[in-house]
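Peer 1: I have a structure here, written as structure tokens, and I will follow up with some questions on it.
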Amino acid sequence: MTVAALALLAGCAYTGDDIGNPFYRKVQWFSFLEGTDIAAACAPDSPERFRLIYNGLWEQQVRIYEWGSTDKALKVSTLRSGNVAEIDLYDPLSPWRADVTTTPLDQAAYGRLDTALAESGAFGPPAVGLELPSHSYYWTAASCHQGKYVFTAWAYPSAAFDAARFPAALAALDPGRDKIIPPGPVPVDPFREYNRKRGPLNEFNLKVGTNGLNYGL
């Protein structure tokens, strides 16, 4: 994706719409990922909010984890890549909608997630300059924690990714944990390489900034 396209999408702020809807996802994804809505509402007396996203190769698996101090429930949304063979005439967008589950969080589970994030560096200085290609494995975290908004990320392979404790803490609470695609070497796809030679692919490369995403790629 070009710099101009990224800059254009950067202006499409997430407005709280259903990100599982492919229409909203197409134009609001980057804003949703960096948590511009979380940042806008974050103040010293604000409730805590967390949004973590696992990109397991964009076209294969994206899992969204959201929770906060107000509702005390973990919402897990799994984006679907879509299969036209599964189209429902009553809901043509169904193959591309997200699968959503919600799991209650007691105080102990909430505390474990908070500790795991803190020990993984989620509330410290962001990983400024870290690149996040869509055809790769990475985690992002947008949070309002103790009145401060922070956006950061962990890319595979790296020591920081390996040391992060929160993926295991989230997986333990995820009803679909058996479906999580673990990170590994990016497989060579001859069809993808062929399409790359024919023209630009529908891929994008993000970068962590000092206060959200850096769109000056």
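Labels used: A, B, ... for chains in the order of the structure tokens, numbers from 1 for residues in each chain, and numbers from 1 for ligands as shown.
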Any chance you could tabulate, as a Markdown table, the residues of stretch 18-120 of chain A at most 9 Å from stretch 129-138 of chain A with each one's nearest atom pair and distance in Å to one decimal, using only C-alpha atoms, in chain and rising number order?

Peer 2:
```
| residue | atom | partner | partner_atom | distance |
| --- | --- | --- | --- | --- |
| A:Ile53 | CA | A:Tyr138 | CA | 8.2 |
| A:Tyr54 | CA | A:Tyr138 | CA | 6.0 |
| A:Asn55 | CA | A:Tyr138 | CA | 5.3 |
| A:Gly56 | CA | A:Tyr137 | CA | 4.8 |
| A:Leu57 | CA | A:His135 | CA | 4.7 |
| A:Trp58 | CA | A:Ser134 | CA | 5.3 |
| A:Glu59 | CA | A:His135 | CA | 7.5 |
```

Peer 1: Now that the selection is made, can you save its residues with N, CA, C and O atoms as an mmCIF file, in the first residue's frame?

Peer 2:
```
data_model
loop_
_atom_site.group_PDB
_atom_site.id
_atom_site.type_symbol
_atom_site.label_atom_id
_atom_site.label_comp_id
_atom_site.auth_asym_id
_atom_site.auth_seq_id
_atom_site.Cartn_x
_atom_site.Cartn_y
_atom_site.Cartn_z
ATOM 1 N N ILE A 53 -4.165 -6.751 19.434
ATOM 2 C CA ILE A 53 -4.458 -7.388 18.147
ATOM 3 C C ILE A 53 -3.290 -8.266 17.736
ATOM 4 O O ILE A 53 -2.133 -7.818 17.751
ATOM 5 N N TYR A 54 -3.618 -9.495 17.397
ATOM 6 C CA TYR A 54 -2.621 -10.438 16.900
ATOM 7 C C TYR A 54 -2.796 -10.586 15.406
ATOM 8 O O TYR A 54 -3.863 -10.990 14.928
ATOM 9 N N ASN A 55 -1.755 -10.248 14.669
ATOM 10 C CA ASN A 55 -1.750 -10.395 13.216
ATOM 11 C C ASN A 55 -0.941 -11.644 12.876
ATOM 12 O O ASN A 55 0.283 -11.644 12.957
ATOM 13 N N GLY A 56 -1.651 -12.707 12.524
ATOM 14 C CA GLY A 56 -0.985 -13.953 12.165
ATOM 15 C C GLY A 56 -0.999 -14.135 10.663
ATOM 16 O O GLY A 56 -1.646 -15.076 10.174
ATOM 17 N N LEU A 57 -0.332 -13.223 9.949
ATOM 18 C CA LEU A 57 -0.443 -13.065 8.508
ATOM 19 C C LEU A 57 -1.861 -12.536 8.231
ATOM 20 O O LEU A 57 -2.847 -13.234 8.479
ATOM 21 N N TRP A 58 -1.961 -11.306 7.754
ATOM 22 C CA TRP A 58 -3.233 -10.607 7.612
ATOM 23 C C TRP A 58 -4.283 -11.433 6.884
ATOM 24 O O TRP A 58 -5.452 -11.470 7.270
ATOM 25 N N GLU A 59 -3.878 -12.121 5.828
ATOM 26 C CA GLU A 59 -4.853 -12.851 5.023
ATOM 27 C C GLU A 59 -5.231 -14.198 5.649
ATOM 28 O O GLU A 59 -6.129 -14.884 5.156
#
```

Peer 1: Apply DSSP to the structure's backbone, then extract all residues of stretch 29-162 of chain A labelled strand (DSSP E) and return them as a PDB file with N, CA and C atoms, in the first residue's frame.

Peer 2:
```
ATOM      1  N   ARG A  49      -8.939   0.870  29.484  1.00  0.00           N
ATOM      2  CA  ARG A  49      -9.360   0.144  28.286  1.00  0.00           C
ATOM      3  C   ARG A  49      -8.137  -0.458  27.608  1.00  0.00           C
ATOM      4  N   PHE A  50      -8.334  -1.634  27.051  1.00  0.00           N
ATOM      5  CA  PHE A  50      -7.229  -2.339  26.403  1.00  0.00           C
ATOM      6  C   PHE A  50      -7.723  -2.932  25.083  1.00  0.00           C
ATOM      7  N   ARG A  51      -6.892  -2.824  24.064  1.00  0.00           N
ATOM      8  CA  ARG A  51      -7.184  -3.431  22.755  1.00  0.00           C
ATOM      9  C   ARG A  51      -5.893  -4.026  22.216  1.00  0.00           C
ATOM     10  N   LEU A  52      -5.807  -5.338  22.196  1.00  0.00           N
ATOM     11  CA  LEU A  52      -4.637  -6.021  21.673  1.00  0.00           C
ATOM     12  C   LEU A  52      -5.031  -6.792  20.416  1.00  0.00           C
ATOM     13  N   ILE A  53      -4.165  -6.751  19.434  1.00  0.00           N
ATOM     14  CA  ILE A  53      -4.458  -7.388  18.147  1.00  0.00           C
ATOM     15  C   ILE A  53      -3.290  -8.266  17.736  1.00  0.00           C
ATOM     16  N   TYR A  54      -3.618  -9.495  17.397  1.00  0.00           N
ATOM     17  CA  TYR A  54      -2.621 -10.438  16.900  1.00  0.00           C
ATOM     18  C   TYR A  54      -2.796 -10.586  15.406  1.00  0.00           C
ATOM     19  N   ASN A  55      -1.755 -10.248  14.669  1.00  0.00           N
ATOM     20  CA  ASN A  55      -1.750 -10.395  13.216  1.00  0.00           C
ATOM     21  C   ASN A  55      -0.941 -11.644  12.876  1.00  0.00           C
ATOM     22  N   GLY A  56      -1.651 -12.707  12.524  1.00  0.00           N
ATOM     23  CA  GLY A  56      -0.985 -13.953  12.165  1.00  0.00           C
ATOM     24  C   GLY A  56      -0.999 -14.135  10.663  1.00  0.00           C
ATOM     25  N   VAL A  62      -6.466 -12.804  12.045  1.00  0.00           N
ATOM     26  CA  VAL A  62      -6.327 -11.610  12.884  1.00  0.00           C
ATOM     27  C   VAL A  62      -7.289 -11.784  14.052  1.00  0.00           C
ATOM     28  N   ARG A  63      -6.748 -11.696  15.273  1.00  0.00           N
ATOM     29  CA  ARG A  63      -7.564 -11.860  16.470  1.00  0.00           C
ATOM     30  C   ARG A  63      -7.478 -10.577  17.289  1.00  0.00           C
ATOM     31  N   ILE A  64      -8.627 -10.098  17.737  1.00  0.00           N
ATOM     32  CA  ILE A  64      -8.734  -8.851  18.488  1.00  0.00           C
ATOM     33  C   ILE A  64      -9.192  -9.168  19.909  1.00  0.00           C
ATOM     34  N   TYR A  65      -8.469  -8.633  20.889  1.00  0.00           N
ATOM     35  CA  TYR A  65      -8.805  -8.837  22.300  1.00  0.00           C
ATOM     36  C   TYR A  65      -9.084  -7.469  22.924  1.00  0.00           C
ATOM     37  N   GLU A  66     -10.280  -7.309  23.484  1.00  0.00           N
ATOM     38  CA  GLU A  66     -10.656  -6.031  24.091  1.00  0.00           C
ATOM     39  C   GLU A  66     -11.274  -6.266  25.468  1.00  0.00           C
ATOM     40  N   TRP A  67     -10.886  -5.421  26.417  1.00  0.00           N
ATOM     41  CA  TRP A  67     -11.483  -5.471  27.750  1.00  0.00           C
ATOM     42  C   TRP A  67     -11.222  -4.143  28.461  1.00  0.00           C
ATOM     43  N   GLY A  68     -11.829  -3.975  29.617  1.00  0.00           N
ATOM     44  CA  GLY A  68     -11.632  -2.742  30.361  1.00  0.00           C
ATOM     45  C   GLY A  68     -12.094  -2.877  31.790  1.00  0.00           C
ATOM     46  N   ALA A  73     -15.061  -7.864  31.078  1.00  0.00           N
ATOM     47  CA  ALA A  73     -15.294  -9.011  30.199  1.00  0.00           C
ATOM     48  C   ALA A  73     -14.309  -8.931  29.052  1.00  0.00           C
ATOM     49  N   LEU A  74     -13.799 -10.077  28.624  1.00  0.00           N
ATOM     50  CA  LEU A  74     -12.865 -10.155  27.516  1.00  0.00           C
ATOM     51  C   LEU A  74     -13.629 -10.478  26.239  1.00  0.00           C
ATOM     52  N   LYS A  75     -13.562  -9.557  25.282  1.00  0.00           N
ATOM     53  CA  LYS A  75     -14.195  -9.751  23.980  1.00  0.00           C
ATOM     54  C   LYS A  75     -13.130 -10.182  22.989  1.00  0.00           C
ATOM     55  N   VAL A  76     -13.348 -11.324  22.342  1.00  0.00           N
ATOM     56  CA  VAL A  76     -12.408 -11.846  21.360  1.00  0.00           C
ATOM     57  C   VAL A  76     -13.091 -11.872  20.006  1.00  0.00           C
ATOM     58  N   SER A  77     -12.516 -11.141  19.053  1.00  0.00           N
ATOM     59  CA  SER A  77     -13.067 -11.092  17.697  1.00  0.00           C
ATOM     60  C   SER A  77     -12.046 -11.676  16.734  1.00  0.00           C
ATOM     61  N   THR A  78     -12.467 -12.632  15.950  1.00  0.00           N
ATOM     62  CA  THR A  78     -11.594 -13.245  14.954  1.00  0.00           C
ATOM     63  C   THR A  78     -12.076 -12.840  13.569  1.00  0.00           C
ATOM     64  N   LEU A  79     -11.214 -12.128  12.825  1.00  0.00           N
ATOM     65  CA  LEU A  79     -11.595 -11.706  11.489  1.00  0.00           C
ATOM     66  C   LEU A  79     -11.549 -12.889  10.539  1.00  0.00           C
ATOM     67  N   ASP A  99     -16.005 -13.423  13.901  1.00  0.00           N
ATOM     68  CA  ASP A  99     -16.588 -14.315  14.900  1.00  0.00           C
ATOM     69  C   ASP A  99     -16.251 -13.741  16.266  1.00  0.00           C
ATOM     70  N   VAL A 100     -17.254 -13.584  17.116  1.00  0.00           N
ATOM     71  CA  VAL A 100     -17.062 -12.895  18.399  1.00  0.00           C
ATOM     72  C   VAL A 100     -17.484 -13.780  19.563  1.00  0.00           C
ATOM     73  N   THR A 101     -16.632 -13.806  20.597  1.00  0.00           N
ATOM     74  CA  THR A 101     -16.980 -14.471  21.852  1.00  0.00           C
ATOM     75  C   THR A 101     -16.680 -13.508  22.999  1.00  0.00           C
ATOM     76  N   THR A 102     -17.378 -13.681  24.107  1.00  0.00           N
ATOM     77  CA  THR A 102     -17.160 -12.840  25.289  1.00  0.00           C
ATOM     78  C   THR A 102     -17.006 -13.727  26.512  1.00  0.00           C
ATOM     79  N   THR A 103     -15.956 -13.463  27.277  1.00  0.00           N
ATOM     80  CA  THR A 103     -15.667 -14.253  28.465  1.00  0.00           C
ATOM     81  C   THR A 103     -15.591 -13.336  29.683  1.00  0.00           C
ATOM     82  N   PRO A 104     -16.337 -13.637  30.763  1.00  0.00           N
ATOM     83  CA  PRO A 104     -16.270 -12.800  31.968  1.00  0.00           C
ATOM     84  C   PRO A 104     -14.851 -12.788  32.547  1.00  0.00           C
ATOM     85  N   GLU A 131       8.612  -1.830  12.439  1.00  0.00           N
ATOM     86  CA  GLU A 131       7.790  -2.027  11.258  1.00  0.00           C
ATOM     87  C   GLU A 131       6.913  -3.264  11.407  1.00  0.00           C
ATOM     88  N   LEU A 132       5.697  -3.151  10.873  1.00  0.00           N
ATOM     89  CA  LEU A 132       4.695  -4.202  11.006  1.00  0.00           C
ATOM     90  C   LEU A 132       4.105  -4.531   9.632  1.00  0.00           C
ATOM     91  N   PRO A 133       4.783  -5.350   8.856  1.00  0.00           N
ATOM     92  CA  PRO A 133       4.235  -5.748   7.553  1.00  0.00           C
ATOM     93  C   PRO A 133       3.008  -6.633   7.751  1.00  0.00           C
ATOM     94  N   TYR A 137       3.966 -11.747  11.365  1.00  0.00           N
ATOM     95  CA  TYR A 137       3.354 -12.011  12.660  1.00  0.00           C
ATOM     96  C   TYR A 137       3.725 -10.884  13.619  1.00  0.00           C
ATOM     97  N   TYR A 138       2.715 -10.313  14.268  1.00  0.00           N
ATOM     98  CA  TYR A 138       3.004  -9.285  15.268  1.00  0.00           C
ATOM     99  C   TYR A 138       1.803  -9.082  16.185  1.00  0.00           C
ATOM    100  N   TRP A 139       2.059  -8.440  17.305  1.00  0.00           N
ATOM    101  CA  TRP A 139       1.033  -7.997  18.238  1.00  0.00           C
ATOM    102  C   TRP A 139       1.074  -6.478  18.317  1.00  0.00           C
ATOM    103  N   THR A 140      -0.095  -5.850  18.455  1.00  0.00           N
ATOM    104  CA  THR A 140      -0.168  -4.436  18.780  1.00  0.00           C
ATOM    105  C   THR A 140      -0.990  -4.286  20.058  1.00  0.00           C
ATOM    106  N   ALA A 141      -0.730  -3.210  20.786  1.00  0.00           N
ATOM    107  CA  ALA A 141      -1.487  -2.935  22.006  1.00  0.00           C
ATOM    108  C   ALA A 141      -1.778  -1.447  22.096  1.00  0.00           C
ATOM    109  N   ALA A 142      -3.048  -1.115  22.210  1.00  0.00           N
ATOM    110  CA  ALA A 142      -3.481   0.258  22.480  1.00  0.00           C
ATOM    111  C   ALA A 142      -4.190   0.228  23.825  1.00  0.00           C
ATOM    112  N   SER A 143      -3.799   1.106  24.721  1.00  0.00           N
ATOM    113  CA  SER A 143      -4.378   1.056  26.057  1.00  0.00           C
ATOM    114  C   SER A 143      -4.521   2.433  26.673  1.00  0.00           C
ATOM    115  N   CYS A 144      -5.492   2.537  27.554  1.00  0.00           N
ATOM    116  CA  CYS A 144      -5.597   3.671  28.474  1.00  0.00           C
ATOM    117  C   CYS A 144      -5.430   3.066  29.851  1.00  0.00           C
ATOM    118  N   HIS A 145      -4.258   3.239  30.416  1.00  0.00           N
ATOM    119  CA  HIS A 145      -3.898   2.582  31.675  1.00  0.00           C
ATOM    120  C   HIS A 145      -3.423   3.637  32.655  1.00  0.00           C
ATOM    121  N   LYS A 148      -3.233   7.087  31.099  1.00  0.00           N
ATOM    122  CA  LYS A 148      -2.262   7.376  30.043  1.00  0.00           C
ATOM    123  C   LYS A 148      -2.493   6.458  28.847  1.00  0.00           C
ATOM    124  N   TYR A 149      -2.548   7.059  27.654  1.00  0.00           N
ATOM    125  CA  TYR A 149      -2.683   6.286  26.425  1.00  0.00           C
ATOM    126  C   TYR A 149      -1.301   5.884  25.924  1.00  0.00           C
ATOM    127  N   VAL A 150      -1.166   4.617  25.553  1.00  0.00           N
ATOM    128  CA  VAL A 150       0.079   4.109  24.975  1.00  0.00           C
ATOM    129  C   VAL A 150      -0.271   3.165  23.836  1.00  0.00           C
ATOM    130  N   PHE A 151       0.461   3.290  22.740  1.00  0.00           N
ATOM    131  CA  PHE A 151       0.363   2.328  21.646  1.00  0.00           C
ATOM    132  C   PHE A 151       1.761   1.776  21.381  1.00  0.00           C
ATOM    133  N   THR A 152       1.865   0.458  21.322  1.00  0.00           N
ATOM    134  CA  THR A 152       3.150  -0.160  21.026  1.00  0.00           C
ATOM    135  C   THR A 152       2.914  -1.497  20.340  1.00  0.00           C
ATOM    136  N   ALA A 153       4.000  -2.200  20.028  1.00  0.00           N
ATOM    137  CA  ALA A 153       3.862  -3.454  19.274  1.00  0.00           C
ATOM    138  C   ALA A 153       5.060  -4.360  19.525  1.00  0.00           C
ATOM    139  N   TRP A 154       4.883  -5.623  19.143  1.00  0.00           N
ATOM    140  CA  TRP A 154       5.930  -6.641  19.231  1.00  0.00           C
ATOM    141  C   TRP A 154       5.913  -7.408  17.914  1.00  0.00           C
ATOM    142  N   ALA A 155       7.037  -7.486  17.246  1.00  0.00           N
ATOM    143  CA  ALA A 155       7.104  -8.159  15.941  1.00  0.00           C
ATOM    144  C   ALA A 155       7.910  -9.448  16.055  1.00  0.00           C
TER     145      ALA A 155
END
```

Peer 1: With a distance cut-off of 12 Å and only C-alpha atoms, select the neighbouring residues of A:Ala172, excluding the residue or stretch itself and same-chain residues fewer than 3 positions from it, and output the selection as a list in words.

Peer 2: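 Here the answer would be Leu74, Thr103, Leu105, Ala109, Arg112, Leu113, Arg165, Phe166, Pro167, Ala168, Ala169, Pro175, Gly176, Arg177, Asp178 and Ile180 of chain A.
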
Peer 1: For stretch 13-25 of chain A, list every protein, DNA or RNA residue within 6 Å, evaluated using only C-alpha atoms, and leave out those in the same chain fewer than 6 positions away; present the list as a list in words.

Peer 2: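 Returned residues: Ser31, Phe32, Arg97 and Ala98 of chain A.
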
Peer 1: Generate the output file for the selected residues, N, CA, C and O atoms, as a PDB file, in the first residue's frame.

Peer 2:
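Output file part.pdb follows:
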```
ATOM      1  N   SER A  31      -7.120   3.150  12.265  1.00  0.00           N
ATOM      2  CA  SER A  31      -7.533   3.941  13.416  1.00  0.00           C
ATOM      3  C   SER A  31      -7.961   3.030  14.570  1.00  0.00           C
ATOM      4  O   SER A  31      -7.645   3.288  15.736  1.00  0.00           O
ATOM      5  N   PHE A  32      -8.670   1.956  14.232  1.00  0.00           N
ATOM      6  CA  PHE A  32      -9.085   0.988  15.252  1.00  0.00           C
ATOM      7  C   PHE A  32      -7.869   0.333  15.884  1.00  0.00           C
ATOM      8  O   PHE A  32      -7.778   0.186  17.103  1.00  0.00           O
ATOM      9  N   ARG A  97     -17.481 -11.327   8.005  1.00  0.00           N
ATOM     10  CA  ARG A  97     -17.721 -10.764   9.329  1.00  0.00           C
ATOM     11  C   ARG A  97     -16.827 -11.456  10.361  1.00  0.00           C
ATOM     12  O   ARG A  97     -16.286 -12.538  10.120  1.00  0.00           O
ATOM     13  N   ALA A  98     -16.695 -10.827  11.524  1.00  0.00           N
ATOM     14  CA  ALA A  98     -15.871 -11.404  12.586  1.00  0.00           C
ATOM     15  C   ALA A  98     -16.682 -12.388  13.420  1.00  0.00           C
ATOM     16  O   ALA A  98     -17.889 -12.210  13.612  1.00  0.00           O
TER      17      ALA A  98
END
```

Peer 1: Have a look at atom CA of A:Ala116 and atom CA of A:Lys179 and let me know their distance in Å, one decimal.

Peer 2: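 Between atom CA of A:Ala116 and atom CA of A:Lys179 the gap is 21.8 Å.
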
Peer 1: Using atom CA of A:Lys207 and atom CA of A:Asp37 as the two end points, give the distance in Å to one decimal.

Peer 2: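 If I compute the distance from atom CA of A:Lys207 to atom CA of A:Asp37, I get 18.9 Å.
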
Peer 1: Quick check, in Å to one decimal: how far apart do atom CA of A:Thr70 and atom CA of A:Glu48 lie?

Peer 2: 7.5 Å

Peer 1: Go through chain A and collect every residue that DSSP, computed from the backbone, puts in helix (DSSP H, G or I); the answer should be as number ranges by chain.

Peer 2: A: 3-10, 22-34, 36-41, 84-86, 94-96, 107-119, 159-163, 166-173, 177-179, 190-198

Peer 1: Let me make sure I understand: among A:Val186, A:Val208, A:Leu33, A:Ile38, which one has the smallest atom-to-atom distance to A:Tyr156 if we use only C-alpha atoms?

Peer 2: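 Closest residue, counting only C-alpha atoms: A:Val186.
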